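Participant: One structure follows; several queries about it will come next.
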Amino acid sequence: MNVEWVINELDKFIKMTVMRNGSGNGFITMSDYTAAPDAEVAQHAQIVEKILDRVIPSWRTELTGMMANNRWAGHREAAIRAREELVRAEEVRENLGENAPDLSAADLHPWIWSGAKSLWQSGHYREAVEGAIKKLNAETQNKVGRRDVSETDLFKQAFSLDEPKTGKARLRRIKDDGSDTYRSVQRGAMTFAEGVFAGIRNPLSHEADHEISEQEALEYLAALSVLARWVDRAEVEAAS
């Protein structure tokens with residue numbers, strides 16, 4: 001997230017929604033109006049709502065505003081709170097406890113997030129992980145030019161130490177120099193992929209009625225992202 005840009009957009013909206021008194025006597029009345037024309041506020045609200053969905057996901061139901069005659073009261077309250085959340089986030093983490101790094105799903109390998117994004121944003125975390133696995137499988141098939149194998153078998157063959165054969169290209173994470181390091185790296189990729197499909201993919205497919213938590217799903221996506229980067233960065237070795 002570009003925090004500087006987000007804060008700037010929130011600042012604009014907060015200024016636009018300052019209430020001006022239309023009665024001339026200082027009382028809040030139906031004639032009061034926002035600093036910016038309603039049409040301009042509505043246009044900017046389109047962007048602000050997307051920001052608020054990221055920073056304060058529950059704002060639509062929890063922050064309703066105090067003035068019933070001002071349609072932007074809830075938005076303004078949420079914008080003020082979101083701004084404070086961003087400006088003082090580091091301070092809060094340092095003073096309330098562990099200042100641990102955050103892991104954002106959007107910063108994972110693009111294959112993984114693109115496969116999970118739509119379902120993730122609607123709260124279907126198990127299906128989002130399955131979507132990421134399907135995307136990873138498809139991109140790996142594309143890279144080695146295979147459609148005859150998938151999932152565990154695909155990765156075992158792709159990272160195999162064997163020489164490539166016709167129609168069976170290999171993925172080399174590092175240059176094959178015959179060293180123990182090379183063999184270790186290849187075996188690591190094979191066994192890691194096997195673990196991903198045995199430990200993540202298979203249980204999810206057999207428990208379709210069991211939802212998983214957002215944290216658990218994020219950890220699964222992180223594991224998939226590691227494998228995706230290995231595949232993406234690997235060199236393809238085809239039979240000559």
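Chain identifiers are assigned as A, B, and so on, following the order in which chains appear in the structure tokens; residues are numbered from 1 within each chain, and ligands are numbered from 1 in order of appearance.
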Considering only C-alpha atoms, return as a CSV table (one decimal) with all heavy atoms, in the first residue's frame whatever protein or nucleic-acid residues lie within 12 Å of Asp53 of chain A, sequence-local ones (same chain, fewer than 3 positions apart) excluded.
Facilitator:
```csv
chain,number,residue,atom,x,y,z
A,45,ALA,N,-15.6,10.0,-3.1
A,45,ALA,CA,-16.0,8.9,-2.2
A,45,ALA,C,-15.8,7.6,-2.8
A,45,ALA,O,-15.5,6.6,-2.1
A,45,ALA,CB,-17.4,9.1,-1.8
A,46,GLN,N,-15.8,7.5,-4.1
A,46,GLN,CA,-15.6,6.3,-4.9
A,46,GLN,C,-14.2,5.7,-4.6
A,46,GLN,O,-14.0,4.5,-4.4
A,46,GLN,CB,-15.8,6.5,-6.4
A,46,GLN,CG,-15.6,5.2,-7.2
A,46,GLN,CD,-16.8,4.3,-7.1
A,46,GLN,OE1,-17.8,4.6,-6.5
A,46,GLN,NE2,-16.6,3.0,-7.5
A,47,ILE,N,-13.2,6.6,-4.5
A,47,ILE,CA,-11.8,6.2,-4.2
A,47,ILE,C,-11.7,5.9,-2.7
A,47,ILE,O,-11.1,4.9,-2.3
A,47,ILE,CB,-10.8,7.2,-4.7
A,47,ILE,CG1,-11.0,7.5,-6.2
A,47,ILE,CG2,-9.4,6.8,-4.3
A,47,ILE,CD1,-10.8,6.3,-7.0
A,48,VAL,N,-12.3,6.8,-1.9
A,48,VAL,CA,-12.1,6.7,-0.5
A,48,VAL,C,-12.7,5.4,0.1
A,48,VAL,O,-12.2,4.8,1.0
A,48,VAL,CB,-12.8,7.9,0.2
A,48,VAL,CG1,-12.9,7.7,1.7
A,48,VAL,CG2,-11.9,9.2,0.0
A,49,GLU,N,-13.8,5.0,-0.5
A,49,GLU,CA,-14.5,3.7,-0.1
A,49,GLU,C,-13.5,2.5,-0.3
A,49,GLU,O,-13.5,1.6,0.6
A,49,GLU,CB,-15.8,3.5,-0.8
A,49,GLU,CG,-16.9,4.4,-0.4
A,49,GLU,CD,-18.2,4.2,-1.2
A,49,GLU,OE1,-18.2,3.5,-2.1
A,49,GLU,OE2,-19.2,4.9,-0.8
A,50,LYS,N,-12.8,2.5,-1.4
A,50,LYS,CA,-11.8,1.4,-1.6
A,50,LYS,C,-10.7,1.5,-0.6
A,50,LYS,O,-10.2,0.4,-0.1
A,50,LYS,CB,-11.3,1.5,-3.0
A,50,LYS,CG,-12.3,1.4,-4.1
A,50,LYS,CD,-11.7,1.4,-5.5
A,50,LYS,CE,-12.7,1.5,-6.6
A,50,LYS,NZ,-13.6,0.3,-6.6
A,56,ILE,N,-10.0,-0.1,7.2
A,56,ILE,CA,-11.0,-0.5,8.2
A,56,ILE,C,-12.1,-1.3,7.6
A,56,ILE,O,-13.2,-0.7,7.2
A,56,ILE,CB,-11.6,0.8,8.9
A,56,ILE,CG1,-10.5,1.8,9.3
A,56,ILE,CG2,-12.5,0.5,10.0
A,56,ILE,CD1,-11.0,3.1,9.9
A,57,PRO,N,-11.9,-2.6,7.3
A,57,PRO,CA,-12.9,-3.4,6.6
A,57,PRO,C,-14.3,-3.4,7.1
A,57,PRO,O,-15.3,-3.5,6.4
A,57,PRO,CB,-12.3,-4.8,6.7
A,57,PRO,CG,-10.8,-4.6,6.9
A,57,PRO,CD,-10.8,-3.3,7.8
A,58,SER,N,-14.5,-3.1,8.4
A,58,SER,CA,-15.8,-3.1,9.0
A,58,SER,C,-16.5,-1.8,9.1
A,58,SER,O,-17.6,-1.6,9.7
A,58,SER,CB,-15.8,-3.7,10.4
A,58,SER,OG,-14.9,-2.9,11.3
A,59,TRP,N,-15.9,-0.8,8.4
A,59,TRP,CA,-16.4,0.6,8.5
A,59,TRP,C,-17.9,0.8,8.1
A,59,TRP,O,-18.6,1.6,8.7
A,59,TRP,CB,-15.5,1.6,7.8
A,59,TRP,CG,-15.7,1.5,6.3
A,59,TRP,CD1,-15.1,0.6,5.4
A,59,TRP,CD2,-16.5,2.3,5.5
A,59,TRP,NE1,-15.5,0.9,4.1
A,59,TRP,CE2,-16.4,1.9,4.1
A,59,TRP,CE3,-17.4,3.4,5.7
A,59,TRP,CZ2,-17.1,2.5,3.1
A,59,TRP,CZ3,-18.1,4.0,4.7
A,59,TRP,CH2,-17.9,3.6,3.4
A,60,ARG,N,-18.3,0.0,7.1
A,60,ARG,CA,-19.7,0.2,6.6
A,60,ARG,C,-20.8,-0.1,7.7
A,60,ARG,O,-21.9,0.5,7.6
A,60,ARG,CB,-19.9,-0.7,5.4
A,60,ARG,CG,-19.1,-0.2,4.2
A,60,ARG,CD,-19.3,-1.2,3.0
A,60,ARG,NE,-18.3,-0.9,1.9
A,60,ARG,CZ,-18.5,0.0,0.9
A,60,ARG,NH1,-19.6,0.7,0.9
A,60,ARG,NH2,-17.6,0.1,0.0
A,61,THR,N,-20.5,-1.1,8.5
A,61,THR,CA,-21.5,-1.5,9.5
A,61,THR,C,-21.2,-0.9,10.9
A,61,THR,O,-22.2,-0.7,11.7
A,61,THR,CB,-21.5,-3.0,9.7
A,61,THR,OG1,-20.1,-3.5,10.0
A,61,THR,CG2,-21.9,-3.7,8.4
A,75,HIS,N,-18.8,8.3,6.2
A,75,HIS,CA,-17.6,8.3,5.4
A,75,HIS,C,-16.5,9.2,6.1
A,75,HIS,O,-15.4,8.8,6.1
A,75,HIS,CB,-17.9,8.8,4.0
A,75,HIS,CG,-18.6,7.8,3.1
A,75,HIS,ND1,-19.9,7.5,3.3
A,75,HIS,CD2,-18.2,7.2,2.0
A,75,HIS,CE1,-20.3,6.6,2.4
A,75,HIS,NE2,-19.3,6.4,1.6
A,78,ALA,N,-15.1,7.6,9.2
A,78,ALA,CA,-14.2,6.5,8.9
A,78,ALA,C,-12.9,7.0,8.3
A,78,ALA,O,-11.9,6.4,8.6
A,78,ALA,CB,-14.9,5.6,7.9
A,79,ALA,N,-13.0,8.0,7.5
A,79,ALA,CA,-11.8,8.6,6.9
A,79,ALA,C,-10.8,9.1,7.9
A,79,ALA,O,-9.6,9.0,7.9
A,79,ALA,CB,-12.1,9.7,5.9
A,82,ALA,N,-9.3,6.2,9.8
A,82,ALA,CA,-8.4,5.5,8.9
A,82,ALA,C,-7.1,6.2,8.8
A,82,ALA,O,-6.0,5.6,8.8
A,82,ALA,CB,-9.0,5.3,7.5
A,121,GLN,N,-11.3,-11.8,-1.3
A,121,GLN,CA,-12.0,-10.5,-1.0
A,121,GLN,C,-13.4,-10.7,-0.5
A,121,GLN,O,-14.0,-9.9,0.1
A,121,GLN,CB,-11.9,-9.5,-2.1
A,121,GLN,CG,-10.4,-9.1,-2.3
A,121,GLN,CD,-10.3,-8.1,-3.5
A,121,GLN,OE1,-11.1,-8.1,-4.4
A,121,GLN,NE2,-9.2,-7.4,-3.5
A,122,SER,N,-14.0,-11.9,-0.9
A,122,SER,CA,-15.4,-12.2,-0.5
A,122,SER,C,-15.4,-13.1,0.7
A,122,SER,O,-16.5,-13.6,1.1
A,122,SER,CB,-16.2,-12.8,-1.6
A,122,SER,OG,-15.6,-14.0,-2.1
```
Participant: Report as a list in words all protein, DNA and RNA residues lying within 10 Å of Arg83 of chain A, evaluated on only C-alpha atoms, omitting residues in the same chain fewer than 2 positions from it.
Facilitator: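 Using only C-alpha atoms, the neighbours found are Val3, Val6, Ile7, Asn8, Glu9, Leu10, Asp11, Ile14, Leu52, Val55, Ala78, Ala79, Ile80, Arg81, Glu85, Leu86, Val87, Arg88 and Ala89 of chain A.
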Participant: Using only C-alpha atoms, pick whichever of A:Gln186, A:Gln157, A:Ser104, A:Ser179 has the shortest atom-to-atom distance to Ala217 of chain A.
Facilitator: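 Selected residue with least distance to Ala217 of chain A: A:Ser104.
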Participant: Taking only C-alpha atoms into account, which of A:Trp111, A:Ser118, A:Lys175, A:Ala35 comes nearest Lys134 of chain A?
Facilitator: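 Of A:Trp111, A:Ser118, A:Lys175, A:Ala35, the one nearest Lys134 of chain A, counting only C-alpha atoms, is A:Trp111.
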Participant: Write out as a compact mmCIF listing (two decimals) with N, CA, C and O atoms, in the first residue's frame each polymer residue whose atoms come within 10 Å of Leu136 of chain A, counting only C-alpha atoms; drop sequence neighbours fewer than 3 positions from it.
Facilitator:
```txt
# COMPACT_ATOMS: atom_id res chain seq x y z
N HIS A 109 3.70 -13.71 -4.61
CA HIS A 109 3.96 -13.85 -6.05
C HIS A 109 2.66 -13.61 -6.84
O HIS A 109 1.59 -14.09 -6.43
N PRO A 110 2.73 -12.87 -7.95
CA PRO A 110 1.51 -12.52 -8.71
C PRO A 110 0.65 -13.71 -9.10
O PRO A 110 -0.58 -13.58 -9.16
N TRP A 111 1.25 -14.85 -9.41
CA TRP A 111 0.44 -16.02 -9.75
C TRP A 111 -0.49 -16.39 -8.60
O TRP A 111 -1.66 -16.71 -8.81
N ILE A 112 0.05 -16.33 -7.41
CA ILE A 112 -0.71 -16.77 -6.24
C ILE A 112 -1.84 -15.80 -5.91
O ILE A 112 -2.99 -16.19 -5.72
N SER A 114 -3.21 -13.51 -7.86
CA SER A 114 -4.22 -13.41 -8.93
C SER A 114 -5.17 -14.60 -8.89
O SER A 114 -6.35 -14.46 -9.23
N GLY A 115 -4.66 -15.76 -8.49
CA GLY A 115 -5.52 -16.94 -8.39
C GLY A 115 -6.45 -16.90 -7.20
O GLY A 115 -7.51 -17.53 -7.21
N GLU A 130 -7.41 -22.73 -2.94
CA GLU A 130 -7.54 -23.69 -4.04
C GLU A 130 -7.35 -23.00 -5.39
O GLU A 130 -6.75 -23.56 -6.31
N GLY A 131 -7.88 -21.78 -5.51
CA GLY A 131 -7.71 -21.02 -6.75
C GLY A 131 -6.25 -20.70 -7.01
O GLY A 131 -5.77 -20.76 -8.15
N ALA A 132 -5.51 -20.38 -5.96
CA ALA A 132 -4.08 -20.10 -6.09
C ALA A 132 -3.32 -21.35 -6.52
O ALA A 132 -2.39 -21.27 -7.34
N ILE A 133 -3.69 -22.49 -5.98
CA ILE A 133 -3.03 -23.75 -6.34
C ILE A 133 -3.28 -24.07 -7.82
O ILE A 133 -2.38 -24.48 -8.54
N GLU A 139 0.36 -22.35 -14.48
CA GLU A 139 1.54 -21.60 -14.91
C GLU A 139 2.76 -22.51 -15.03
O GLU A 139 3.61 -22.32 -15.92
N THR A 140 2.85 -23.50 -14.16
CA THR A 140 3.96 -24.46 -14.25
C THR A 140 3.82 -25.32 -15.50
O THR A 140 4.81 -25.59 -16.20
N GLN A 141 2.60 -25.75 -15.78
CA GLN A 141 2.36 -26.50 -17.02
C GLN A 141 2.76 -25.67 -18.24
O GLN A 141 3.38 -26.18 -19.18
N ASN A 142 2.39 -24.40 -18.22
CA ASN A 142 2.74 -23.52 -19.34
C ASN A 142 4.25 -23.40 -19.50
O ASN A 142 4.77 -23.42 -20.62
N GLU A 151 -0.12 -31.22 -10.88
CA GLU A 151 0.08 -31.25 -9.45
C GLU A 151 1.35 -31.98 -9.03
O GLU A 151 2.42 -31.71 -9.56
N LEU A 224 2.72 -21.33 -0.95
CA LEU A 224 2.53 -21.43 -2.40
C LEU A 224 3.37 -20.38 -3.14
O LEU A 224 3.89 -20.64 -4.23
N SER A 225 3.51 -19.21 -2.53
CA SER A 225 4.29 -18.14 -3.14
C SER A 225 5.76 -18.53 -3.26
O SER A 225 6.42 -18.20 -4.25
N LEU A 227 6.95 -21.57 -3.68
CA LEU A 227 7.04 -22.51 -4.79
C LEU A 227 6.87 -21.79 -6.13
O LEU A 227 7.57 -22.10 -7.11
N ALA A 228 5.96 -20.83 -6.18
CA ALA A 228 5.74 -20.08 -7.41
C ALA A 228 6.99 -19.32 -7.84
O ALA A 228 7.34 -19.28 -9.02
N ARG A 229 7.69 -18.71 -6.90
CA ARG A 229 8.92 -17.97 -7.23
C ARG A 229 10.00 -18.92 -7.73
O ARG A 229 10.76 -18.57 -8.64
N VAL A 231 9.54 -21.70 -9.35
CA VAL A 231 9.17 -22.09 -10.73
C VAL A 231 9.43 -20.93 -11.68
O VAL A 231 10.00 -21.09 -12.75
N ASP A 232 8.99 -19.74 -11.30
CA ASP A 232 9.09 -18.57 -12.16
C ASP A 232 10.55 -18.24 -12.49
O ASP A 232 10.87 -17.83 -13.61
```
Participant: For the atom pair atom CA of Ala239 of chain A and atom CA of Asp162 of chain A, what is the interatomic distance in Å to one decimal place?
Facilitator: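 One can read the atom CA of Ala239 of chain A to atom CA of Asp162 of chain A distance as 11.1 Å.
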Participant: Using only C-alpha atoms, which residues sit within 8 Å of Glu194 of chain A once same-chain residues fewer than 6 positions away are excluded, as a ChimeraX atom specification?
Facilitator: /A:152,155-156
Participant: Just the number, please: distance in Å from atom CA of Arg76 of chain A to atom CA of Lys15 of chain A, one decimal.
Facilitator: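 Between atom CA of Arg76 of chain A and atom CA of Lys15 of chain A the gap is 9.2 Å.
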Participant: Which distance in Å separates atom CA of His124 of chain A and atom CA of Phe197 of chain A, to one decimal?
Facilitator: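 Value for the atom CA of His124 of chain A-atom CA of Phe197 of chain A distance: 19.5 Å.
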Participant: I'd like to know which residues of segment 18-175 of chain A are strand (DSSP E or B) (by DSSP, run on the backbone); could you write them as a list in words?
Facilitator: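 Going through segment 18-175 of chain A, the strand (DSSP E or B) residues come out as Met19, Arg20, Tyr33, Thr34, Lys165, Lys168, Arg170, Leu171 and Arg172 of chain A.
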Participant: Here is a test: counting only C-alpha atoms, which residue of A:Asp102, A:Thr17, A:Tyr220, A:Arg172 is nearest to Lys143 of chain A?
Facilitator: A:Arg172
Participant: Tell me which protein, DNA and RNA residues are within 9 Å of Leu221 of chain A, counting only C-alpha atoms, leaving out same-chain ones fewer than 5 positions away, and put them as a list in words.
Facilitator: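 After dropping sequence-adjacent residues, the list is Ala105, Leu108, Ile112, Trp113, Ala116, Ala128, Val129, Ala132, Ile133, Glu216 and Val226 of chain A.
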Participant: What would the file look like if the residues just selected were written as a PDB file, in the first residue's frame with all heavy atoms?
Facilitator:
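This went into out13.pdb:
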```pdb
ATOM      1  N   ALA A 105      -1.129 -10.418   1.518  1.00  0.00           N
ATOM      2  CA  ALA A 105      -1.387 -11.366   0.433  1.00  0.00           C
ATOM      3  C   ALA A 105      -1.116 -10.728  -0.926  1.00  0.00           C
ATOM      4  O   ALA A 105      -0.655 -11.388  -1.853  1.00  0.00           O
ATOM      5  CB  ALA A 105      -2.830 -11.867   0.504  1.00  0.00           C
ATOM      6  N   LEU A 108       2.434 -11.164  -2.308  1.00  0.00           N
ATOM      7  CA  LEU A 108       2.937 -12.491  -2.646  1.00  0.00           C
ATOM      8  C   LEU A 108       3.172 -12.579  -4.156  1.00  0.00           C
ATOM      9  O   LEU A 108       2.871 -11.645  -4.898  1.00  0.00           O
ATOM     10  CB  LEU A 108       1.936 -13.556  -2.194  1.00  0.00           C
ATOM     11  CG  LEU A 108       1.652 -13.611  -0.682  1.00  0.00           C
ATOM     12  CD1 LEU A 108       0.576 -14.640  -0.392  1.00  0.00           C
ATOM     13  CD2 LEU A 108       2.920 -13.915   0.096  1.00  0.00           C
ATOM     14  N   ILE A 112       0.050 -16.331  -7.408  1.00  0.00           N
ATOM     15  CA  ILE A 112      -0.714 -16.772  -6.237  1.00  0.00           C
ATOM     16  C   ILE A 112      -1.835 -15.797  -5.912  1.00  0.00           C
ATOM     17  O   ILE A 112      -2.988 -16.189  -5.721  1.00  0.00           O
ATOM     18  CB  ILE A 112       0.230 -16.930  -5.027  1.00  0.00           C
ATOM     19  CG1 ILE A 112       1.342 -17.935  -5.355  1.00  0.00           C
ATOM     20  CG2 ILE A 112      -0.553 -17.366  -3.800  1.00  0.00           C
ATOM     21  CD1 ILE A 112       0.859 -19.275  -5.871  1.00  0.00           C
ATOM     22  N   TRP A 113      -1.513 -14.512  -5.867  1.00  0.00           N
ATOM     23  CA  TRP A 113      -2.544 -13.547  -5.514  1.00  0.00           C
ATOM     24  C   TRP A 113      -3.602 -13.428  -6.597  1.00  0.00           C
ATOM     25  O   TRP A 113      -4.798 -13.278  -6.293  1.00  0.00           O
ATOM     26  CB  TRP A 113      -1.918 -12.190  -5.218  1.00  0.00           C
ATOM     27  CG  TRP A 113      -2.916 -11.146  -4.790  1.00  0.00           C
ATOM     28  CD1 TRP A 113      -3.080  -9.909  -5.323  1.00  0.00           C
ATOM     29  CD2 TRP A 113      -3.885 -11.253  -3.739  1.00  0.00           C
ATOM     30  NE1 TRP A 113      -4.082  -9.232  -4.670  1.00  0.00           N
ATOM     31  CE2 TRP A 113      -4.610 -10.032  -3.695  1.00  0.00           C
ATOM     32  CE3 TRP A 113      -4.215 -12.269  -2.838  1.00  0.00           C
ATOM     33  CZ2 TRP A 113      -5.629  -9.813  -2.782  1.00  0.00           C
ATOM     34  CZ3 TRP A 113      -5.244 -12.041  -1.926  1.00  0.00           C
ATOM     35  CH2 TRP A 113      -5.937 -10.826  -1.910  1.00  0.00           C
ATOM     36  N   ALA A 116      -6.065 -16.164  -6.156  1.00  0.00           N
ATOM     37  CA  ALA A 116      -6.833 -16.154  -4.913  1.00  0.00           C
ATOM     38  C   ALA A 116      -7.685 -14.903  -4.729  1.00  0.00           C
ATOM     39  O   ALA A 116      -8.657 -14.917  -3.964  1.00  0.00           O
ATOM     40  CB  ALA A 116      -5.881 -16.273  -3.728  1.00  0.00           C
ATOM     41  N   ALA A 128     -10.143 -19.655  -2.027  1.00  0.00           N
ATOM     42  CA  ALA A 128      -9.097 -18.757  -2.523  1.00  0.00           C
ATOM     43  C   ALA A 128      -7.765 -19.495  -2.608  1.00  0.00           C
ATOM     44  O   ALA A 128      -7.019 -19.349  -3.582  1.00  0.00           O
ATOM     45  CB  ALA A 128      -8.963 -17.546  -1.609  1.00  0.00           C
ATOM     46  N   VAL A 129      -7.463 -20.294  -1.599  1.00  0.00           N
ATOM     47  CA  VAL A 129      -6.225 -21.085  -1.618  1.00  0.00           C
ATOM     48  C   VAL A 129      -6.272 -22.099  -2.757  1.00  0.00           C
ATOM     49  O   VAL A 129      -5.284 -22.291  -3.475  1.00  0.00           O
ATOM     50  CB  VAL A 129      -6.014 -21.795  -0.268  1.00  0.00           C
ATOM     51  CG1 VAL A 129      -4.797 -22.728  -0.346  1.00  0.00           C
ATOM     52  CG2 VAL A 129      -5.815 -20.771   0.847  1.00  0.00           C
ATOM     53  N   ALA A 132      -5.510 -20.381  -5.959  1.00  0.00           N
ATOM     54  CA  ALA A 132      -4.083 -20.101  -6.092  1.00  0.00           C
ATOM     55  C   ALA A 132      -3.318 -21.348  -6.520  1.00  0.00           C
ATOM     56  O   ALA A 132      -2.392 -21.268  -7.341  1.00  0.00           O
ATOM     57  CB  ALA A 132      -3.535 -19.575  -4.768  1.00  0.00           C
ATOM     58  N   ILE A 133      -3.694 -22.491  -5.977  1.00  0.00           N
ATOM     59  CA  ILE A 133      -3.030 -23.746  -6.343  1.00  0.00           C
ATOM     60  C   ILE A 133      -3.280 -24.066  -7.817  1.00  0.00           C
ATOM     61  O   ILE A 133      -2.376 -24.478  -8.544  1.00  0.00           O
ATOM     62  CB  ILE A 133      -3.523 -24.897  -5.451  1.00  0.00           C
ATOM     63  CG1 ILE A 133      -3.036 -24.678  -4.015  1.00  0.00           C
ATOM     64  CG2 ILE A 133      -3.033 -26.242  -5.973  1.00  0.00           C
ATOM     65  CD1 ILE A 133      -3.582 -25.677  -3.015  1.00  0.00           C
ATOM     66  N   GLU A 216      -4.789 -18.773   8.616  1.00  0.00           N
ATOM     67  CA  GLU A 216      -4.344 -20.061   8.086  1.00  0.00           C
ATOM     68  C   GLU A 216      -4.226 -20.000   6.566  1.00  0.00           C
ATOM     69  O   GLU A 216      -3.268 -20.503   5.976  1.00  0.00           O
ATOM     70  CB  GLU A 216      -5.314 -21.166   8.503  1.00  0.00           C
ATOM     71  CG  GLU A 216      -4.857 -22.569   8.121  1.00  0.00           C
ATOM     72  CD  GLU A 216      -5.803 -23.644   8.612  1.00  0.00           C
ATOM     73  OE1 GLU A 216      -6.886 -23.304   9.142  1.00  0.00           O
ATOM     74  OE2 GLU A 216      -5.468 -24.837   8.466  1.00  0.00           O
ATOM     75  N   VAL A 226       6.281 -19.219  -2.259  1.00  0.00           N
ATOM     76  CA  VAL A 226       7.670 -19.692  -2.318  1.00  0.00           C
ATOM     77  C   VAL A 226       7.854 -20.609  -3.523  1.00  0.00           C
ATOM     78  O   VAL A 226       8.791 -20.449  -4.318  1.00  0.00           O
ATOM     79  CB  VAL A 226       8.049 -20.430  -1.017  1.00  0.00           C
ATOM     80  CG1 VAL A 226       9.406 -21.115  -1.168  1.00  0.00           C
ATOM     81  CG2 VAL A 226       8.078 -19.469   0.163  1.00  0.00           C
TER      82      VAL A 226
END
```
Participant: Restricting the calculation to only C-alpha atoms, which member of A:His44, A:Ile51, A:Ser184, A:Pro101 is positioned closest to Trp5 of chain A?
Facilitator: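 Result for the nearest residue to Trp5 of chain A: A:Ile51.
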Participant: Between A:Phe13, A:Tyr33, A:Tyr125, A:Trp120, which residue has the minimum interatomic distance to Glu211 of chain A, considering only C-alpha atoms?
Facilitator: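 Nearest candidate to Glu211 of chain A out of A:Phe13, A:Tyr33, A:Tyr125, A:Trp120: A:Tyr125.
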Participant: Step one, run DSSP on the backbone; step two, keep only residues of segment 91-151 of chain A assigned to alpha helix (DSSP H); then write them as a PyMOL selection string.
Facilitator: chain A and resi 91-96+110-121+125-144+151
